[in-house]
>>> print(open('my_file-v6.cif').read())   # mmCIF, C-alpha atoms
data_upload
#
loop_
_atom_site.label_atom_id
_atom_site.label_comp_id
_atom_site.auth_asym_id
_atom_site.auth_seq_id
_atom_site.Cartn_x
_atom_site.Cartn_y
_atom_site.Cartn_z
CA MET A 1 -1.48 -18.31 9.67
CA THR A 2 1.31 -17.49 12.06
CA THR A 3 4.92 -16.94 11.08
CA SER A 4 7.92 -16.41 13.30
CA VAL A 5 9.44 -13.03 14.12
CA PRO A 6 13.18 -12.34 14.33
CA ASP A 7 14.44 -12.61 17.90
CA ASP A 8 15.38 -8.92 18.07
CA GLN A 9 11.69 -8.06 17.71
CA LEU A 10 10.64 -10.41 20.49
CA ILE A 11 12.33 -8.62 23.38
CA PRO A 12 9.55 -6.78 25.20
CA GLU A 13 9.94 -3.16 26.17
CA PRO A 14 10.51 -2.59 29.88
CA GLY A 15 7.23 -2.92 31.73
CA LEU A 16 5.49 -4.62 28.82
CA ALA A 17 4.78 -8.32 28.85
CA PRO A 18 3.46 -9.89 25.67
CA HIS A 19 -0.03 -11.29 25.76
CA PRO A 20 0.23 -15.08 26.35
CA ALA A 21 -1.77 -15.83 23.21
CA VAL A 22 0.73 -13.97 21.01
CA ASP A 23 3.50 -16.41 21.95
CA HIS A 24 6.26 -14.56 20.08
CA ALA A 25 4.51 -14.86 16.73
CA ARG A 26 3.95 -12.29 14.04
CA PRO A 27 0.47 -10.86 14.55
CA ASP A 28 -2.12 -12.26 12.16
CA TRP A 29 -5.82 -11.74 11.41
CA GLU A 30 -6.76 -13.77 14.48
CA PHE A 31 -4.78 -11.38 16.68
CA VAL A 32 -6.17 -8.28 14.93
CA MET A 33 -9.75 -9.49 15.33
CA ARG A 34 -9.29 -10.52 18.98
CA HIS A 35 -9.79 -7.00 20.37
CA PRO A 36 -11.17 -3.73 18.95
CA ALA A 37 -7.95 -1.96 19.98
CA HIS A 38 -5.89 -4.38 17.88
CA PHE A 39 -8.17 -3.87 14.88
CA ILE A 40 -7.83 -0.10 15.19
CA ALA A 41 -4.08 -0.08 15.88
CA PHE A 42 -3.47 -2.33 12.87
CA GLY A 43 -5.53 0.00 10.67
CA GLY A 44 -8.24 -2.55 9.97
CA GLY A 45 -5.60 -4.99 8.76
CA ALA A 46 -3.39 -2.64 6.72
CA GLY A 47 -0.61 -3.18 9.26
CA LEU A 48 -0.56 -6.90 8.51
CA SER A 49 1.14 -6.20 5.19
CA PRO A 50 4.41 -8.15 5.09
CA VAL A 51 5.99 -5.31 3.10
CA ALA A 52 6.01 -1.67 4.26
CA PRO A 53 3.08 -1.75 6.69
CA GLY A 54 3.53 1.96 7.50
CA THR A 55 3.20 2.81 3.83
CA MET A 56 0.08 0.63 3.60
CA GLY A 57 -1.36 2.49 6.59
CA THR A 58 -0.60 5.83 4.97
CA LEU A 59 -2.33 4.65 1.77
CA ALA A 60 -5.34 3.54 3.85
CA ALA A 61 -5.66 7.15 5.01
CA PHE A 62 -6.62 8.11 1.45
CA LEU A 63 -9.69 5.86 1.65
CA LEU A 64 -10.75 7.19 5.04
CA PHE A 65 -10.11 10.76 3.83
CA GLY A 66 -12.33 10.23 0.79
CA LEU A 67 -15.19 8.93 2.92
CA ALA A 68 -14.91 11.50 5.71
CA ASN A 69 -14.46 14.37 3.25
CA LEU A 70 -17.88 13.59 1.77
CA TYR A 71 -19.67 14.04 5.09
CA LEU A 72 -17.62 16.41 7.23
CA GLY A 73 -16.87 20.09 6.90
CA SER A 74 -13.41 21.44 7.72
CA VAL A 75 -13.99 22.08 11.43
CA ASN A 76 -15.80 18.78 11.98
CA PHE A 77 -13.06 16.96 10.09
CA LEU A 78 -10.42 18.41 12.40
CA LEU A 79 -12.51 17.43 15.44
CA PHE A 80 -12.86 13.94 13.95
CA ILE A 81 -9.08 13.69 13.58
CA GLY A 82 -8.70 14.77 17.21
CA VAL A 83 -11.04 11.99 18.30
CA LEU A 84 -9.15 9.48 16.13
CA PHE A 85 -5.89 10.63 17.75
CA ILE A 86 -7.26 10.00 21.25
CA ILE A 87 -8.65 6.62 20.19
CA GLY A 88 -5.22 5.86 18.74
CA ILE A 89 -3.50 6.54 22.05
CA TRP A 90 -5.76 3.95 23.68
CA ALA A 91 -5.60 1.40 20.84
CA CYS A 92 -1.82 1.56 20.42
CA SER A 93 -1.29 1.36 24.18
CA VAL A 94 -3.48 -1.75 24.53
CA THR A 95 -2.01 -3.40 21.43
CA GLY A 96 1.58 -2.53 22.32
CA LYS A 97 1.11 -4.13 25.74
CA ALA A 98 -0.41 -7.23 24.17
CA LEU A 99 2.55 -7.55 21.80
CA GLY A 100 5.22 -6.61 24.34
CA ASN A 101 6.41 -3.91 21.94
CA HIS A 102 5.10 -0.39 22.50
CA ASP A 103 5.58 0.59 18.82
CA HIS A 104 5.21 -2.59 16.76
CA GLY A 105 5.66 -1.95 13.03
CA GLY A 106 2.22 -3.35 12.27
CA MET A 107 0.49 -0.69 14.33
CA VAL A 108 -0.30 1.84 11.61
CA TRP A 109 -3.12 3.88 13.15
CA ASP A 110 -0.54 6.59 13.85
CA GLU A 111 0.26 6.90 10.13
CA ILE A 112 -3.43 6.91 9.20
CA VAL A 113 -4.41 9.67 11.61
CA ALA A 114 -1.36 11.85 10.99
CA PHE A 115 -1.69 11.59 7.22
CA LEU A 116 -5.40 12.45 7.45
CA LEU A 117 -4.28 15.71 9.04
CA VAL A 118 -1.89 16.29 6.15
CA LEU A 119 -4.62 15.60 3.60
CA VAL A 120 -7.00 18.08 5.23
CA PHE A 121 -4.53 20.91 4.55
CA THR A 122 -3.23 19.67 1.18
CA PRO A 123 -4.80 20.82 -2.10
CA ASN A 124 -7.01 18.09 -3.47
CA THR A 125 -4.93 17.37 -6.59
CA LEU A 126 -2.90 14.32 -7.50
CA VAL A 127 0.42 16.22 -7.63
CA TRP A 128 0.00 17.86 -4.22
CA GLN A 129 -1.23 14.68 -2.56
CA ALA A 130 1.56 12.60 -4.12
CA PHE A 131 4.20 15.00 -2.79
CA ALA A 132 2.46 15.06 0.58
CA PHE A 133 2.54 11.25 0.66
CA LEU A 134 6.22 11.14 -0.30
CA LEU A 135 7.25 13.80 2.22
CA PHE A 136 5.24 12.23 5.03
CA ARG A 137 6.73 8.79 4.41
CA LEU A 138 10.26 10.24 4.30
CA PHE A 139 9.77 12.08 7.61
CA ASP A 140 8.16 9.02 9.18
CA ILE A 141 10.89 6.62 8.01
CA PHE A 142 14.01 8.71 8.56
CA LYS A 143 12.76 10.60 11.63
CA PRO A 144 14.95 13.72 11.51
CA PRO A 145 15.26 15.77 14.71
CA PRO A 146 13.13 16.30 16.72
CA ILE A 147 10.94 13.45 15.40
CA GLY A 148 13.58 10.81 16.19
CA TYR A 149 14.14 12.26 19.66
CA TYR A 150 10.48 11.95 20.61
CA ASP A 151 10.21 8.55 18.93
CA LYS A 152 12.91 7.28 21.30
CA LYS A 153 11.86 9.16 24.45
CA LEU A 154 8.07 8.83 24.49
CA ARG A 155 6.56 5.43 25.23
CA GLY A 156 3.07 4.00 25.17
CA GLY A 157 0.18 4.98 22.98
CA PHE A 158 0.90 8.71 23.13
CA GLY A 159 4.50 8.18 22.03
CA VAL A 160 3.38 6.04 19.10
CA MET A 161 0.93 8.70 17.93
CA PHE A 162 3.03 11.80 18.67
CA ASP A 163 6.06 11.19 16.43
CA ASP A 164 3.78 10.77 13.41
CA LEU A 165 2.01 13.99 14.32
CA LEU A 166 5.42 15.69 14.12
CA ALA A 167 6.03 14.04 10.72
CA ALA A 168 2.69 15.48 9.59
CA PHE A 169 3.69 18.94 10.86
CA PHE A 170 7.00 18.85 8.96
CA THR A 171 5.23 17.63 5.84
CA LEU A 172 2.77 20.51 6.03
CA LEU A 173 5.61 22.96 6.66
CA CYS A 174 7.40 21.78 3.50
CA LEU A 175 4.21 21.95 1.46
CA ALA A 176 3.51 25.47 2.73
CA ALA A 177 7.02 26.55 1.77
CA TRP A 178 6.63 24.95 -1.66
CA LYS A 179 3.34 26.77 -2.15
CA ALA A 180 4.79 30.10 -0.95
CA PHE A 181 7.73 29.93 -3.35
CA THR A 182 6.00 28.46 -6.40
CA MET A 183 2.57 30.05 -6.43
CA PRO A 184 2.02 33.65 -7.55
#
>>> encode(input="my_file-v6.cif", output="structure tokens")
Amino acid sequence: MTTSVPDDQLIPEPGLAPHPAVDHARPDWEFVMRHPAHFIAFGGGAGLSPVAPGTMGTLAAFLLFGLANLYLGSVNFLLFIGVLFIIGIWACSVTGKALGNHDHGGMVWDEIVAFLLVLVFTPNTLVWQAFAFLLFRLFDIFKPPPIGYYDKKLRGGFGVMFDDLLAAFFTLLCLAAWKAFTMP
């Protein structure tokens, strides 16, 4: 099913032409399944959520974290996240070009990978992970400096992935401060 997108979302970024098959429509399952990069960039479909796709992508990271945490040690998990980051640069670049929008809201791989990094360094308790989730979403949505600066200045797949990496860093910084001031 294809629905229309507001006109302000249809203007392609400079140098990006939308894929002819997209035809100014909101991406759907057909689009996501058309290319592996689209499937990855849309977080396996999490980015198709009509409400808060970035939040849905961040929630999807919990599932991936649970699976990867069963099989990977700390060092291998960090290497895995590095590989996912590089794959994300490619997937978001290809998908952004196909959509004519380098950072389409449905591309949530950046949230998934960045929040995985947060989860690796967050104590495995509901309270810590809930605060990590809340902080990450706040940094990702409001984009305080320098996150907002890089969000506006960097284009392509790397730009899409990098601002969320900064949001993850600020989240971890806040959690470390919380731990330093509340734990004996």
>>> residues_around(input="my_file-v6.cif", residues="Gly57 (chain A)", least_positions_apart="2", cutoff="6 Å", atoms="only C-alpha atoms", output="ChimeraX atom specification")
/A:46,54-55,59-60,108,111-112
>>> residues_around(input="my_file-v6.cif", residues="Phe42 (chain A)", least_positions_apart="5", cutoff="10 Å", atoms="all atoms listed in the file", output="PyMOL selection string")
chain A and resi 27+29+31-33+36-37+47-49+53-54+57+91-92+95+104-110+112
>>> residues_around(input="my_file-v6.cif", residues="Ala130 (chain A)", least_positions_apart="5", cutoff="12 Å", atoms="all atoms listed in the file", output="PyMOL selection string")
chain A and resi 58-59+62+115+118-119+122-125+135-137+171+175
>>> residues_around(input="my_file-v6.cif", residues="Arg155 (chain A)", least_positions_apart="4", cutoff="12 Å", atoms="all atoms listed in the file", output="NGL selection string")
:A and (13-16 or 89 or 92-93 or 96-97 or 101-104 or 149-151 or 159-163)
>>> atom_distance(input="my_file-v6.cif", atom1="CA of Ile40 (chain A)", atom2="CA of Tyr71 (chain A)")
21.0 Å
>>> atom_distance(input="my_file-v6.cif", atom1="CA of Gly66 (chain A)", atom2="CA of Gly88 (chain A)")
19.8 Å
>>> atom_distance(input="my_file-v6.cif", atom1="CA of Phe169 (chain A)", atom2="CA of Ala114 (chain A)")
8.7 Å
>>> decode(input="my_file-v6.cif", residues="region 95-113 of chain A", atoms="C-alpha atoms", output="CSV table (one decimal), in the first residue's frame")
chain,number,residue,atom,x,y,z
A,95,THR,CA,18.5,4.1,0.2
A,96,GLY,CA,18.9,7.9,0.5
A,97,LYS,CA,19.7,8.2,-3.2
A,98,ALA,CA,16.8,6.0,-4.1
A,99,LEU,CA,14.4,8.2,-2.1
A,100,GLY,CA,16.0,11.5,-3.1
A,101,ASN,CA,16.4,12.3,0.6
A,102,HIS,CA,19.8,11.6,2.2
A,103,ASP,CA,18.3,11.2,5.7
A,104,HIS,CA,14.7,9.9,5.3
A,105,GLY,CA,12.9,9.5,8.6
A,106,GLY,CA,12.2,5.8,7.8
A,107,MET,CA,15.9,5.0,7.7
A,108,VAL,CA,16.5,3.8,11.2
A,109,TRP,CA,19.6,1.7,10.9
A,110,ASP,CA,21.5,4.7,12.4
A,111,GLU,CA,19.4,4.5,15.6
A,112,ILE,CA,19.7,0.7,15.8
A,113,VAL,CA,23.5,0.7,15.6
